[in-house]
$ cat model_27.csv   # CSV, C-alpha atoms and all ligand atoms
chain,number,residue,atom,x,y,z
A,1,MET,CA,149.6,121.5,-44.5
A,2,LEU,CA,153.0,119.8,-44.5
A,3,LEU,CA,154.2,120.8,-41.1
A,4,ASP,CA,151.8,122.0,-38.4
A,5,VAL,CA,153.3,122.9,-35.1
A,6,ARG,CA,150.7,123.5,-32.4
A,7,ASP,CA,151.3,125.0,-28.9
A,8,LEU,CA,154.8,123.5,-28.6
A,9,HIS,CA,156.4,123.8,-25.1
A,10,VAL,CA,160.0,122.9,-24.4
A,11,GLU,CA,161.7,123.3,-21.0
A,12,PHE,CA,165.3,123.1,-19.8
A,13,ARG,CA,166.1,122.2,-16.2
A,14,THR,CA,169.1,124.2,-15.3
A,15,ARG,CA,170.8,125.1,-12.1
A,16,ASP,CA,169.2,128.5,-12.2
A,17,GLY,CA,165.7,127.0,-12.5
A,18,VAL,CA,163.4,126.0,-15.3
A,19,ALA,CA,164.1,127.8,-18.6
A,20,ARG,CA,160.9,127.9,-20.7
A,21,ALA,CA,162.8,128.0,-24.0
A,22,VAL,CA,159.7,127.3,-26.2
A,23,ASN,CA,156.5,128.5,-24.6
A,24,GLY,CA,153.5,127.8,-26.7
A,25,VAL,CA,154.8,128.1,-30.3
A,26,SER,CA,152.5,127.4,-33.2
A,27,PHE,CA,153.3,127.8,-37.0
A,28,GLY,CA,152.6,126.0,-40.2
A,29,VAL,CA,154.5,125.3,-43.4
A,30,ASP,CA,153.0,124.2,-46.7
A,31,ALA,CA,154.7,122.2,-49.4
A,32,GLY,CA,156.8,124.5,-51.5
A,33,GLU,CA,156.6,127.3,-49.0
A,34,THR,CA,159.4,129.1,-47.2
A,35,LEU,CA,158.8,130.2,-43.6
A,36,ALA,CA,161.5,132.4,-42.1
A,37,VAL,CA,161.7,132.2,-38.3
A,38,LEU,CA,163.2,135.4,-37.0
A,39,GLY,CA,164.3,136.6,-33.6
A,40,GLU,CA,167.1,137.7,-31.4
A,41,SER,CA,169.6,135.3,-29.9
A,42,GLY,CA,168.1,133.2,-27.2
A,43,SER,CA,164.5,133.5,-28.4
A,44,GLY,CA,164.1,129.7,-28.8
A,45,LYS,CA,164.5,129.3,-32.6
A,46,SER,CA,167.0,126.5,-32.5
A,47,VAL,CA,165.3,124.7,-29.7
A,48,THR,CA,162.0,124.8,-31.7
A,49,ALA,CA,163.8,123.3,-34.7
A,50,GLN,CA,165.5,120.6,-32.6
A,51,ALA,CA,162.1,119.7,-31.0
A,52,VAL,CA,160.5,119.4,-34.5
A,53,MET,CA,163.4,117.3,-35.8
A,54,GLY,CA,163.5,115.1,-32.7
A,55,ILE,CA,167.1,115.9,-31.9
A,56,LEU,CA,166.6,117.9,-28.7
A,57,ASP,CA,169.2,117.3,-26.0
A,58,THR,CA,167.1,115.3,-23.5
A,59,PRO,CA,168.0,115.9,-20.7
A,60,PRO,CA,168.4,118.8,-20.0
A,61,GLY,CA,165.7,119.6,-22.6
A,62,ARG,CA,162.2,118.2,-22.6
A,63,VAL,CA,159.1,118.7,-24.7
A,64,THR,CA,156.4,119.4,-22.2
A,65,GLY,CA,153.4,120.0,-24.5
A,66,GLY,CA,152.0,120.5,-27.9
A,67,GLU,CA,151.9,118.7,-31.2
A,68,VAL,CA,154.2,118.5,-34.2
A,69,LEU,CA,152.1,117.3,-37.1
A,70,PHE,CA,154.1,116.3,-40.1
A,71,GLN,CA,152.1,115.1,-43.1
A,72,GLY,CA,149.3,114.6,-40.7
A,73,ARG,CA,151.1,112.5,-38.1
A,74,ASP,CA,152.1,113.8,-34.6
A,75,LEU,CA,155.9,113.2,-34.5
A,76,LEU,CA,155.9,113.6,-30.7
A,77,LYS,CA,153.9,110.3,-30.4
A,78,LEU,CA,156.3,108.2,-32.6
A,79,LYS,CA,158.9,105.8,-31.3
A,80,GLU,CA,162.5,106.9,-31.7
A,81,GLU,CA,163.0,104.4,-34.5
A,82,GLU,CA,160.1,105.7,-36.5
A,83,ARG,CA,161.3,109.2,-35.9
A,84,ARG,CA,164.7,108.3,-37.2
A,85,ARG,CA,163.0,107.1,-40.4
A,86,VAL,CA,161.2,110.5,-40.8
A,87,ARG,CA,164.6,112.3,-40.4
A,88,GLY,CA,166.5,112.0,-43.6
A,89,ALA,CA,163.7,110.7,-45.8
A,90,GLY,CA,160.9,113.1,-44.6
A,91,MET,CA,162.7,116.1,-43.2
A,92,ALA,CA,166.3,117.1,-43.0
A,93,MET,CA,168.3,119.8,-41.3
A,94,VAL,CA,171.0,122.2,-42.4
A,95,PHE,CA,173.1,123.6,-39.6
A,96,GLN,CA,175.2,126.7,-39.3
A,97,ASP,CA,178.5,125.0,-38.8
A,98,ALA,CA,179.1,122.5,-41.5
A,99,LEU,CA,182.6,121.7,-40.2
A,100,SER,CA,181.4,120.3,-36.9
A,101,SER,CA,178.4,118.6,-38.5
A,102,LEU,CA,180.5,116.6,-41.0
A,103,ASN,CA,182.7,113.7,-40.1
A,104,PRO,CA,186.4,114.9,-40.4
A,105,VAL,CA,187.8,111.4,-41.0
A,106,LEU,CA,185.4,110.4,-43.9
A,107,THR,CA,185.6,111.7,-47.4
A,108,VAL,CA,182.8,113.9,-48.6
A,109,GLY,CA,181.9,111.2,-51.1
A,110,ASP,CA,181.7,108.5,-48.4
A,111,GLN,CA,179.4,110.7,-46.2
A,112,LEU,CA,177.1,111.5,-49.1
A,113,GLY,CA,177.2,107.9,-50.3
A,114,GLU,CA,176.2,106.6,-46.8
A,115,MET,CA,172.9,108.3,-47.2
A,116,PHE,CA,172.2,105.9,-50.1
A,117,THR,CA,173.9,102.7,-48.8
A,118,VAL,CA,172.2,103.0,-45.4
A,119,HIS,CA,168.8,104.4,-46.3
A,120,ARG,CA,168.3,103.0,-49.8
A,121,GLY,CA,170.4,99.8,-49.7
A,122,MET,CA,172.5,100.9,-52.7
A,123,SER,CA,175.9,99.4,-53.6
A,124,ARG,CA,178.9,101.5,-52.8
A,125,LYS,CA,179.6,102.0,-56.5
A,126,ASP,CA,176.0,103.3,-57.2
A,127,ALA,CA,176.1,105.4,-54.0
A,128,ARG,CA,179.4,107.0,-55.1
A,129,ALA,CA,177.8,107.9,-58.5
A,130,LYS,CA,174.8,109.4,-56.6
A,131,ALA,CA,177.2,111.4,-54.4
A,132,VAL,CA,178.9,113.0,-57.5
A,133,GLU,CA,175.4,113.7,-58.9
A,134,LEU,CA,174.4,115.5,-55.7
A,135,MET,CA,177.6,117.5,-55.7
A,136,ASP,CA,176.9,118.6,-59.2
A,137,GLN,CA,173.5,119.5,-58.2
A,138,VAL,CA,174.6,121.9,-55.4
A,139,ARG,CA,177.2,123.2,-57.9
A,140,ILE,CA,180.4,122.1,-56.3
A,141,PRO,CA,182.9,122.3,-59.2
A,142,ALA,CA,184.9,119.3,-60.3
A,143,ALA,CA,182.7,117.0,-58.3
A,144,ARG,CA,184.2,113.8,-59.7
A,145,GLU,CA,187.6,114.7,-58.2
A,146,ARG,CA,186.4,116.4,-55.0
A,147,VAL,CA,184.2,113.5,-54.0
A,148,ARG,CA,187.5,111.9,-52.7
A,149,GLN,CA,188.4,114.8,-50.5
A,150,TYR,CA,187.8,115.4,-46.8
A,151,PRO,CA,185.7,118.2,-45.3
A,152,HIS,CA,188.7,120.3,-44.2
A,153,GLN,CA,189.8,120.5,-47.9
A,154,PHE,CA,186.6,122.5,-48.7
A,155,SER,CA,186.0,126.2,-48.2
A,156,GLY,CA,183.3,127.3,-45.8
A,157,GLY,CA,180.8,128.0,-48.6
A,158,MET,CA,181.6,124.7,-50.4
A,159,ARG,CA,181.2,122.8,-47.1
A,160,GLN,CA,177.8,124.4,-46.6
A,161,ARG,CA,176.9,123.1,-50.1
A,162,VAL,CA,178.0,119.6,-49.0
A,163,MET,CA,175.6,119.9,-46.0
A,164,ILE,CA,172.8,121.0,-48.3
A,165,ALA,CA,173.6,118.0,-50.6
A,166,MET,CA,173.3,115.7,-47.5
A,167,ALA,CA,170.0,117.3,-46.6
A,168,ILE,CA,168.4,116.9,-50.0
A,169,ALA,CA,169.9,113.5,-50.7
A,170,LEU,CA,166.8,111.5,-49.9
A,171,GLU,CA,164.5,114.3,-51.4
A,172,PRO,CA,162.8,115.2,-48.1
A,173,ALA,CA,159.5,117.0,-48.1
A,174,LEU,CA,160.8,119.6,-45.6
A,175,ILE,CA,164.2,121.2,-44.8
A,176,ILE,CA,164.9,123.1,-41.7
A,177,ALA,CA,167.9,125.4,-42.1
A,178,ASP,CA,169.2,126.9,-38.9
A,179,GLU,CA,171.3,130.0,-39.7
A,180,PRO,CA,172.7,128.2,-42.8
A,181,THR,CA,174.8,131.2,-43.9
A,182,THR,CA,175.8,133.0,-40.7
A,183,ALA,CA,179.4,131.7,-40.8
A,184,LEU,CA,180.0,132.7,-44.4
A,185,ASP,CA,181.0,136.0,-45.9
A,186,VAL,CA,178.3,138.1,-47.6
A,187,THR,CA,178.8,137.1,-51.3
A,188,VAL,CA,178.9,133.4,-50.4
A,189,GLN,CA,175.9,133.9,-48.2
A,190,ALA,CA,173.9,135.1,-51.1
A,191,GLN,CA,175.0,132.2,-53.3
A,192,VAL,CA,174.0,129.6,-50.7
A,193,MET,CA,170.6,131.3,-50.1
A,194,ASP,CA,170.0,131.3,-53.8
A,195,LEU,CA,170.9,127.6,-54.0
A,196,LEU,CA,168.5,126.7,-51.2
A,197,ALA,CA,165.7,128.7,-52.8
A,198,GLU,CA,166.3,127.0,-56.1
A,199,LEU,CA,166.3,123.5,-54.7
A,200,ARG,CA,163.1,124.3,-52.8
A,201,ARG,CA,161.4,125.3,-56.0
A,202,GLU,CA,162.8,122.3,-57.9
A,203,TYR,CA,161.7,119.7,-55.3
A,204,ARG,CA,158.7,121.6,-54.0
A,205,MET,CA,160.1,121.3,-50.5
A,206,GLY,CA,158.9,123.2,-47.5
A,207,LEU,CA,161.7,125.2,-46.1
A,208,VAL,CA,162.0,126.6,-42.6
A,209,LEU,CA,164.7,129.2,-42.6
A,210,ILE,CA,165.9,130.3,-39.2
A,211,THR,CA,167.8,133.5,-39.2
A,212,HIS,CA,168.3,136.7,-37.3
A,213,ASP,CA,169.0,138.6,-40.5
A,214,LEU,CA,165.9,140.4,-41.8
A,215,GLY,CA,167.9,141.3,-44.8
A,216,VAL,CA,168.0,137.8,-46.3
A,217,VAL,CA,164.3,137.2,-45.5
A,218,ALA,CA,162.7,139.6,-47.8
A,219,ASP,CA,164.0,137.9,-51.0
A,220,VAL,CA,163.4,134.3,-50.1
A,221,ALA,CA,160.6,133.8,-47.6
A,222,ASP,CA,156.9,133.6,-48.2
A,223,ARG,CA,155.9,134.0,-44.6
A,224,ILE,CA,157.7,135.2,-41.4
A,225,ALA,CA,157.2,134.0,-37.8
A,226,VAL,CA,158.8,136.4,-35.4
A,227,MET,CA,159.9,134.9,-32.1
A,228,TYR,CA,160.5,136.6,-28.8
A,229,ALA,CA,161.2,134.9,-25.5
A,230,GLY,CA,160.0,131.5,-26.6
A,231,ARG,CA,156.8,132.7,-28.3
A,232,VAL,CA,155.7,133.6,-31.8
A,233,VAL,CA,154.7,137.2,-31.4
A,234,GLU,CA,153.8,137.9,-35.1
A,235,SER,CA,153.2,135.6,-38.0
A,236,ALA,CA,152.4,137.0,-41.5
A,237,PRO,CA,153.1,137.0,-45.2
A,238,VAL,CA,156.5,138.7,-45.8
A,239,ASP,CA,155.0,141.6,-47.8
A,240,ASP,CA,152.5,142.4,-45.1
A,241,ILE,CA,155.2,142.6,-42.4
A,242,TYR,CA,157.4,144.9,-44.6
A,243,LYS,CA,154.5,147.2,-45.3
A,244,ALA,CA,153.3,147.5,-41.7
A,245,PRO,CA,154.3,145.4,-38.7
A,246,ALA,CA,151.5,144.6,-36.3
A,247,HIS,CA,153.8,144.0,-33.3
A,248,PRO,CA,156.2,146.6,-31.8
A,249,TYR,CA,159.0,144.0,-31.6
A,250,THR,CA,158.7,143.3,-35.3
A,251,ARG,CA,158.8,147.1,-35.9
A,252,GLY,CA,161.9,147.3,-33.7
A,253,LEU,CA,163.6,144.6,-35.8
A,254,LEU,CA,162.7,146.3,-39.1
A,255,ASP,CA,163.9,149.6,-37.8
A,256,SER,CA,167.3,148.1,-36.9
A,257,VAL,CA,168.2,146.9,-40.4
A,258,PRO,CA,169.4,149.1,-43.2
A,259,ARG,CA,166.9,149.1,-46.0
A,260,LEU,CA,167.6,150.3,-49.5
A,261,ASP,CA,164.0,151.4,-50.0
A,262,LEU,CA,164.2,153.6,-46.9
A,263,LYS,CA,167.6,155.2,-47.5
A,264,GLY,CA,168.5,158.0,-45.1
A,265,ARG,CA,166.1,156.9,-42.4
A,266,GLU,CA,167.7,156.6,-39.0
A,267,LEU,CA,168.5,153.2,-37.7
A,268,HIS,CA,167.3,152.2,-34.2
A,269,ALA,CA,168.4,149.1,-32.5
A,270,ILE,CA,165.9,147.8,-30.0
A,271,ARG,CA,166.8,149.2,-26.5
A,272,GLY,CA,167.7,146.7,-23.8
A,273,LEU,CA,168.2,143.0,-23.9
A,274,PRO,CA,166.0,140.0,-24.3
A,275,PRO,CA,165.0,138.4,-20.9
A,276,SER,CA,166.5,135.3,-19.4
A,277,LEU,CA,164.2,132.4,-20.1
A,278,THR,CA,164.3,131.3,-16.5
A,279,ASP,CA,162.8,134.7,-15.5
A,280,VAL,CA,160.5,135.9,-18.3
A,281,PRO,CA,158.7,139.2,-17.4
A,282,ARG,CA,155.0,138.9,-16.3
A,283,GLY,CA,152.4,140.0,-18.8
A,284,CYS,CA,153.8,140.7,-22.2
A,285,ALA,CA,157.4,139.5,-22.1
A,286,PHE,CA,158.4,142.4,-24.3
A,287,HIS,CA,157.0,145.1,-22.1
A,288,PRO,CA,160.3,146.3,-20.4
A,289,ARG,CA,161.6,147.1,-23.9
A,290,CYS,CA,158.5,148.2,-25.6
A,291,PRO,CA,158.0,151.9,-26.5
A,292,MET,CA,154.2,151.3,-26.6
A,293,ALA,CA,153.8,149.5,-23.3
A,294,ARG,CA,151.0,150.4,-20.9
A,295,ASP,CA,149.7,149.1,-17.6
A,296,VAL,CA,147.8,146.1,-19.1
A,297,CYS,CA,151.0,144.9,-20.8
A,298,ARG,CA,152.6,144.5,-17.4
A,299,THR,CA,149.9,142.1,-16.1
A,300,ASP,CA,148.2,140.4,-19.1
A,301,VAL,CA,149.8,138.0,-21.6
A,302,PRO,CA,148.6,139.1,-25.0
A,303,ALA,CA,146.9,136.3,-27.0
A,304,PRO,CA,147.6,136.0,-30.7
A,305,HIS,CA,145.0,138.4,-32.3
A,306,GLU,CA,143.8,137.6,-35.8
A,307,VAL,CA,145.0,140.6,-37.9
A,308,SER,CA,143.7,138.9,-41.1
A,309,ALA,CA,143.0,135.4,-42.3
A,310,THR,CA,146.7,134.8,-42.8
A,311,ARG,CA,148.2,137.0,-40.1
A,312,ALA,CA,148.3,137.1,-36.3
A,313,ALA,CA,150.0,139.3,-33.7
A,314,ALA,CA,150.3,138.8,-30.0
A,315,CYS,CA,150.0,142.4,-28.8
A,316,HIS,CA,147.2,144.2,-26.9
A,317,PHE,CA,147.7,147.2,-29.2
A,318,TRP,CA,148.4,145.6,-32.5
A,319,LYS,CA,145.9,147.9,-34.3
A,320,GLU,CA,147.7,151.0,-33.1
A,321,CYS,CA,151.0,149.4,-34.1
A,322,LEU,CA,149.7,148.6,-37.6
A,323,ASN,CA,148.4,152.1,-38.1
A,324,GLY,CA,151.3,153.8,-36.5
B,1,LIG,N1,171.5,122.7,-23.8
B,1,LIG,C1,170.8,123.7,-23.1
B,1,LIG,N2,170.8,123.7,-21.8
B,1,LIG,C2,170.1,124.6,-21.1
B,1,LIG,N3,169.3,125.6,-21.7
B,1,LIG,C3,169.3,125.6,-23.0
B,1,LIG,C4,170.0,124.7,-23.8
B,1,LIG,N4,169.8,125.0,-25.1
B,1,LIG,C5,169.0,126.1,-25.1
B,1,LIG,N5,168.7,126.5,-23.9
B,1,LIG,C6,167.8,127.6,-23.5
B,1,LIG,O1,167.0,127.9,-24.5
B,1,LIG,C7,167.1,129.2,-24.9
B,1,LIG,C8,166.9,129.4,-26.4
B,1,LIG,O2,168.0,128.8,-27.1
B,1,LIG,P1,168.0,128.7,-28.7
B,1,LIG,O3,169.3,128.1,-29.0
B,1,LIG,O4,166.8,128.1,-29.2
B,1,LIG,O5,168.1,130.3,-29.1
B,1,LIG,P2,168.1,130.8,-30.6
B,1,LIG,O6,166.9,131.7,-30.8
B,1,LIG,O7,168.4,129.7,-31.5
B,1,LIG,O8,169.4,131.8,-30.5
B,1,LIG,P3,170.6,132.1,-31.5
B,1,LIG,O9,170.1,133.2,-32.5
B,1,LIG,O10,171.7,132.6,-30.6
B,1,LIG,O11,170.9,130.8,-32.2
B,1,LIG,C9,168.5,129.6,-24.4
B,1,LIG,O12,168.5,131.0,-24.1
B,1,LIG,C10,168.6,128.8,-23.1
B,1,LIG,O13,167.9,129.5,-22.1
B,2,LIG,S1,151.4,143.9,-25.6
B,2,LIG,FE1,152.1,145.9,-24.8
B,2,LIG,S2,154.3,145.6,-24.2
B,2,LIG,FE2,153.6,143.9,-25.5
B,2,LIG,S3,154.2,144.5,-27.5
B,2,LIG,FE3,152.1,145.1,-27.3
B,2,LIG,S4,152.2,147.2,-26.6
B,2,LIG,FE4,154.2,146.3,-26.3
B,3,MG,MG,170.0,129.2,-32.7
$ encode --input "model_27.csv" --output "structure tokens"
Amino acid sequence: MLLDVRDLHVEFRTRDGVARAVNGVSFGVDAGETLAVLGESGSGKSVTAQAVMGILDTPPGRVTGGEVLFQGRDLLKLKEEERRRVRGAGMAMVFQDALSSLNPVLTVGDQLGEMFTVHRGMSRKDARAKAVELMDQVRIPAARERVRQYPHQFSGGMRQRVMIAMAIALEPALIIADEPTTALDVTVQAQVMDLLAELRREYRMGLVLITHDLGVVADVADRIAVMYAGRVVESAPVDDIYKAPAHPYTRGLLDSVPRLDLKGRELHAIRGLPPSLTDVPRGCAFHPRCPMARDVCRTDVPAPHEVSATRAAACHFWKECLNG
């Protein structure tokens, strides 16, 4: 397995107390596989990604437990310098907001080229040629001219392509994309998703795709991990989840997106709001919002139950949910 995250815990010390943003998260990604991480705002998706990448804001954040095995090595045990080497060459990240992630005073060509001068010791001239090549690869038109332009001279979609070009520059084994298309309009979203999917195939990269949009997931992901209140509540191959969710929260998410194959069916948003992570409900964190909740749910935290060899759900009543 390329990336194997085991029982990861991350806490934030805030004025309101300790926020358990990531509370025992486990998931794996194989080479060439796309894992979608899905969940409402505040469920701990970005914090999980930051902990895996080693770019968590510390303090206030702190990894308090678990392992992040990347190509067999626990990244949490590496020195900062070794981790920096893994970032870029081993794994790279694409963020939602390209404008604030790119340097406004450097040309796009200089920023792309820096990947090669700094990490590969190339000459500026060779690095510039590589920058143009990369821009071609992510299909930025007129790359040879645009390599001299600044980030603000690019549209949102084109900037996101620049970000992707930066991420793939050193041909990493894994890319983590945190809401890579959220700031873009729908057509451009689809184009950027297609590009990511294509590059993943071409380079046989693992891809972790963080999103709260179930709509984009069906087409591109192999597996889904659904997060709620800092935990993975269901993890399964995409098709299994679409056929029949084994967790009421997953069911709620599915019911709240329009689906072409279920035209005419009523849409239900999940009632209520996710909990504050400084004050997660006892028992199953989802119980105040769960239509299937019973007494045991208010007292006992459900362990991840094995639904099949490739699937797990953290619900006391997963069988009922699956058959319902
Ligand atoms: N810098 C921070 N300081 C304090 N708490 C934080 C900080 N960053 C994250 N948290 C805590 O971690 C929780 C999870 O945040 P995270 O950004 O991972 O959510 P998310 O699932 O990515 O949500 P979204 O879909 O809105 O991006 C937050 O609700 C908050 O309690
Ligand atoms: S454990 Fe109970 S409250 Fe939690 S999701 Fe399952 S049925 Fe709902
Ligand atoms: Mg986020």
$ residues_near_ligand --input "model_27.csv" --ligand "ligand MG 3 (chain B)" --cutoff "8 Å" --atoms "only C-alpha atoms and all ligand atoms" --output "list in words"
Ser41, Gly42, Gly44, Lys45, Ser46, Val47, Asp178, Glu179 and Ile210 of chain A
$ residues_near_ligand --input "model_27.csv" --ligand "ligand LIG 1 (chain B)" --cutoff "7 Å" --atoms "all atoms listed in the file" --output "PyMOL selection string"
chain A and resi 12-14+19+21+39-48+57+60-61+212+276-278
$ write_last_selection --input "model_27.csv" --atoms "C-alpha atoms" --output "CSV table (one decimal), in the frame of the given file"
chain,number,residue,atom,x,y,z
A,12,PHE,CA,165.3,123.1,-19.8
A,13,ARG,CA,166.1,122.2,-16.2
A,14,THR,CA,169.1,124.2,-15.3
A,19,ALA,CA,164.1,127.8,-18.6
A,21,ALA,CA,162.8,128.0,-24.0
A,39,GLY,CA,164.3,136.6,-33.6
A,40,GLU,CA,167.1,137.7,-31.4
A,41,SER,CA,169.6,135.3,-29.9
A,42,GLY,CA,168.1,133.2,-27.2
A,43,SER,CA,164.5,133.5,-28.4
A,44,GLY,CA,164.1,129.7,-28.8
A,45,LYS,CA,164.5,129.3,-32.6
A,46,SER,CA,167.0,126.5,-32.5
A,47,VAL,CA,165.3,124.7,-29.7
A,48,THR,CA,162.0,124.8,-31.7
A,57,ASP,CA,169.2,117.3,-26.0
A,60,PRO,CA,168.4,118.8,-20.0
A,61,GLY,CA,165.7,119.6,-22.6
A,212,HIS,CA,168.3,136.7,-37.3
A,276,SER,CA,166.5,135.3,-19.4
A,277,LEU,CA,164.2,132.4,-20.1
A,278,THR,CA,164.3,131.3,-16.5
$ closest_residue --input "model_27.csv" --among "A:Pro248, A:Pro304, A:Gly32, A:Pro281" --to "ligand LIG 2 (chain B)" --atoms "all atoms listed in the file"
A:Pro248
$ residues_near_ligand --input "model_27.csv" --ligand "ligand LIG 2 (chain B)" --cutoff "10 Å" --atoms "all atoms listed in the file" --output "count of residues only"
37
$ atom_distance --input "model_27.csv" --atom1 "atom CA of A:Ala49" --atom2 "atom CA of A:Glu11"
13.9 Å
$ closest_atom_pairs --input "model_27.csv" --of "stretch 166-187 of chain A" --to "stretch 98-115 of chain A" --cutoff "8 Å" --atoms "only C-alpha atoms" --output "CSV"
residue,atom,partner,partner_atom,distance
A:Met166,CA,A:Leu112,CA,5.9
A:Ala169,CA,A:Met115,CA,6.9
A:Leu170,CA,A:Met115,CA,7.4
$ residues_around --input "model_27.csv" --residues "A:Asp239" --least-positions-apart "4" --cutoff "12 Å" --atoms "all atoms listed in the file" --output "compact mmCIF listing (two decimals) with C-alpha atoms, keeping the file's coordinate frame"
# COMPACT_ATOMS: atom_id res chain seq x y z
CA VAL A 217 164.30 137.20 -45.50
CA ALA A 218 162.70 139.60 -47.80
CA ASP A 219 164.00 137.90 -51.00
CA VAL A 220 163.40 134.30 -50.10
CA ALA A 221 160.60 133.80 -47.60
CA ASP A 222 156.90 133.60 -48.20
CA ARG A 223 155.90 134.00 -44.60
CA ILE A 224 157.70 135.20 -41.40
CA SER A 235 153.20 135.60 -38.00
CA LYS A 243 154.50 147.20 -45.30
CA ALA A 244 153.30 147.50 -41.70
CA PRO A 245 154.30 145.40 -38.70
CA THR A 310 146.70 134.80 -42.80
CA ARG A 311 148.20 137.00 -40.10
$ residues_around --input "model_27.csv" --residues "A:Ala131" --least-positions-apart "2" --cutoff "8 Å" --atoms "all atoms listed in the file" --output "PyMOL selection string"
chain A and resi 109+112-113+127-129+133-135+147
$ closest_residue --input "model_27.csv" --among "A:Phe70, A:Gln191, A:Ala92, A:Val138" --to "A:Ala167" --atoms "all atoms listed in the file"
A:Ala92
$ atom_distance --input "model_27.csv" --atom1 "atom CA of A:Gly65" --atom2 "atom CA of A:Val5"
11.0 Å
$ atom_distance --input "model_27.csv" --atom1 "atom CA of A:His305" --atom2 "atom CA of A:Leu76"
27.1 Å
$ residues_around --input "model_27.csv" --residues "A:Arg139" --least-positions-apart "6" --cutoff "9 Å" --atoms "only C-alpha atoms" --output "PyMOL selection string"
chain A and resi 158+161+195
$ closest_residue --input "model_27.csv" --among "A:Ala177, A:Ala225, A:Val257, A:Leu38" --to "A:Val25" --atoms "all atoms listed in the file"
A:Ala225
$ residues_near_point --input "model_27.csv" --point "(163.3, 125.2, -42.2)" --cutoff "10 Å" --atoms "all atoms listed in the file" --output "list of chain:residue names"
A:Val29, A:Glu33, A:Thr34, A:Leu35, A:Ala36, A:Val37, A:Ala49, A:Met91, A:Ala92, A:Met93, A:Val94, A:Leu174, A:Ile175, A:Ile176, A:Ala177, A:Asp178, A:Glu179, A:Pro180, A:Met205, A:Gly206, A:Leu207, A:Val208, A:Leu209, A:Ile210, A:Thr211
$ residues_around --input "model_27.csv" --residues "A:Arg85" --least-positions-apart "5" --cutoff "12 Å" --atoms "all atoms listed in the file" --output "PyMOL selection string"
chain A and resi 53-54+75+78-80+90-92+118-120+170+172
$ build_atoms --input "model_27.csv" --residues "stretch 10-23 of chain A" --atoms "N, CA and C atoms" --output "PDB file, keeping the file's coordinate frame"
ATOM      1  N   VAL A  10     158.800 123.614 -24.697  1.00  0.00           N
ATOM      2  CA  VAL A  10     160.000 122.900 -24.400  1.00  0.00           C
ATOM      3  C   VAL A  10     160.663 123.606 -23.139  1.00  0.00           C
ATOM      4  N   GLU A  11     161.071 122.790 -22.175  1.00  0.00           N
ATOM      5  CA  GLU A  11     161.700 123.300 -21.000  1.00  0.00           C
ATOM      6  C   GLU A  11     163.122 122.770 -20.826  1.00  0.00           C
ATOM      7  N   PHE A  12     163.974 123.568 -20.216  1.00  0.00           N
ATOM      8  CA  PHE A  12     165.300 123.100 -19.800  1.00  0.00           C
ATOM      9  C   PHE A  12     165.415 123.202 -18.311  1.00  0.00           C
ATOM     10  N   ARG A  13     165.816 122.120 -17.681  1.00  0.00           N
ATOM     11  CA  ARG A  13     166.100 122.200 -16.200  1.00  0.00           C
ATOM     12  C   ARG A  13     167.527 122.585 -16.053  1.00  0.00           C
ATOM     13  N   THR A  14     167.750 123.747 -15.501  1.00  0.00           N
ATOM     14  CA  THR A  14     169.100 124.200 -15.300  1.00  0.00           C
ATOM     15  C   THR A  14     169.309 124.528 -13.816  1.00  0.00           C
ATOM     16  N   ARG A  15     170.558 124.828 -13.455  1.00  0.00           N
ATOM     17  CA  ARG A  15     170.800 125.100 -12.100  1.00  0.00           C
ATOM     18  C   ARG A  15     170.092 126.401 -11.606  1.00  0.00           C
ATOM     19  N   ASP A  16     169.851 127.298 -12.556  1.00  0.00           N
ATOM     20  CA  ASP A  16     169.200 128.500 -12.200  1.00  0.00           C
ATOM     21  C   ASP A  16     167.641 128.388 -12.225  1.00  0.00           C
ATOM     22  N   GLY A  17     167.154 127.189 -12.472  1.00  0.00           N
ATOM     23  CA  GLY A  17     165.700 127.000 -12.500  1.00  0.00           C
ATOM     24  C   GLY A  17     165.279 126.456 -13.852  1.00  0.00           C
ATOM     25  N   VAL A  18     163.973 126.498 -14.095  1.00  0.00           N
ATOM     26  CA  VAL A  18     163.400 126.000 -15.300  1.00  0.00           C
ATOM     27  C   VAL A  18     163.437 127.061 -16.403  1.00  0.00           C
ATOM     28  N   ALA A  19     164.127 126.809 -17.535  1.00  0.00           N
ATOM     29  CA  ALA A  19     164.100 127.800 -18.600  1.00  0.00           C
ATOM     30  C   ALA A  19     163.009 127.350 -19.611  1.00  0.00           C
ATOM     31  N   ARG A  20     162.002 128.212 -19.778  1.00  0.00           N
ATOM     32  CA  ARG A  20     160.900 127.900 -20.700  1.00  0.00           C
ATOM     33  C   ARG A  20     161.379 128.425 -22.102  1.00  0.00           C
ATOM     34  N   ALA A  21     162.150 127.601 -22.799  1.00  0.00           N
ATOM     35  CA  ALA A  21     162.800 128.000 -24.000  1.00  0.00           C
ATOM     36  C   ALA A  21     161.746 128.162 -25.162  1.00  0.00           C
ATOM     37  N   VAL A  22     160.763 127.281 -25.165  1.00  0.00           N
ATOM     38  CA  VAL A  22     159.700 127.300 -26.200  1.00  0.00           C
ATOM     39  C   VAL A  22     158.386 127.287 -25.364  1.00  0.00           C
ATOM     40  N   ASN A  23     157.564 128.313 -25.544  1.00  0.00           N
ATOM     41  CA  ASN A  23     156.500 128.500 -24.600  1.00  0.00           C
ATOM     42  C   ASN A  23     155.145 128.716 -25.310  1.00  0.00           C
TER      43      ASN A  23
END
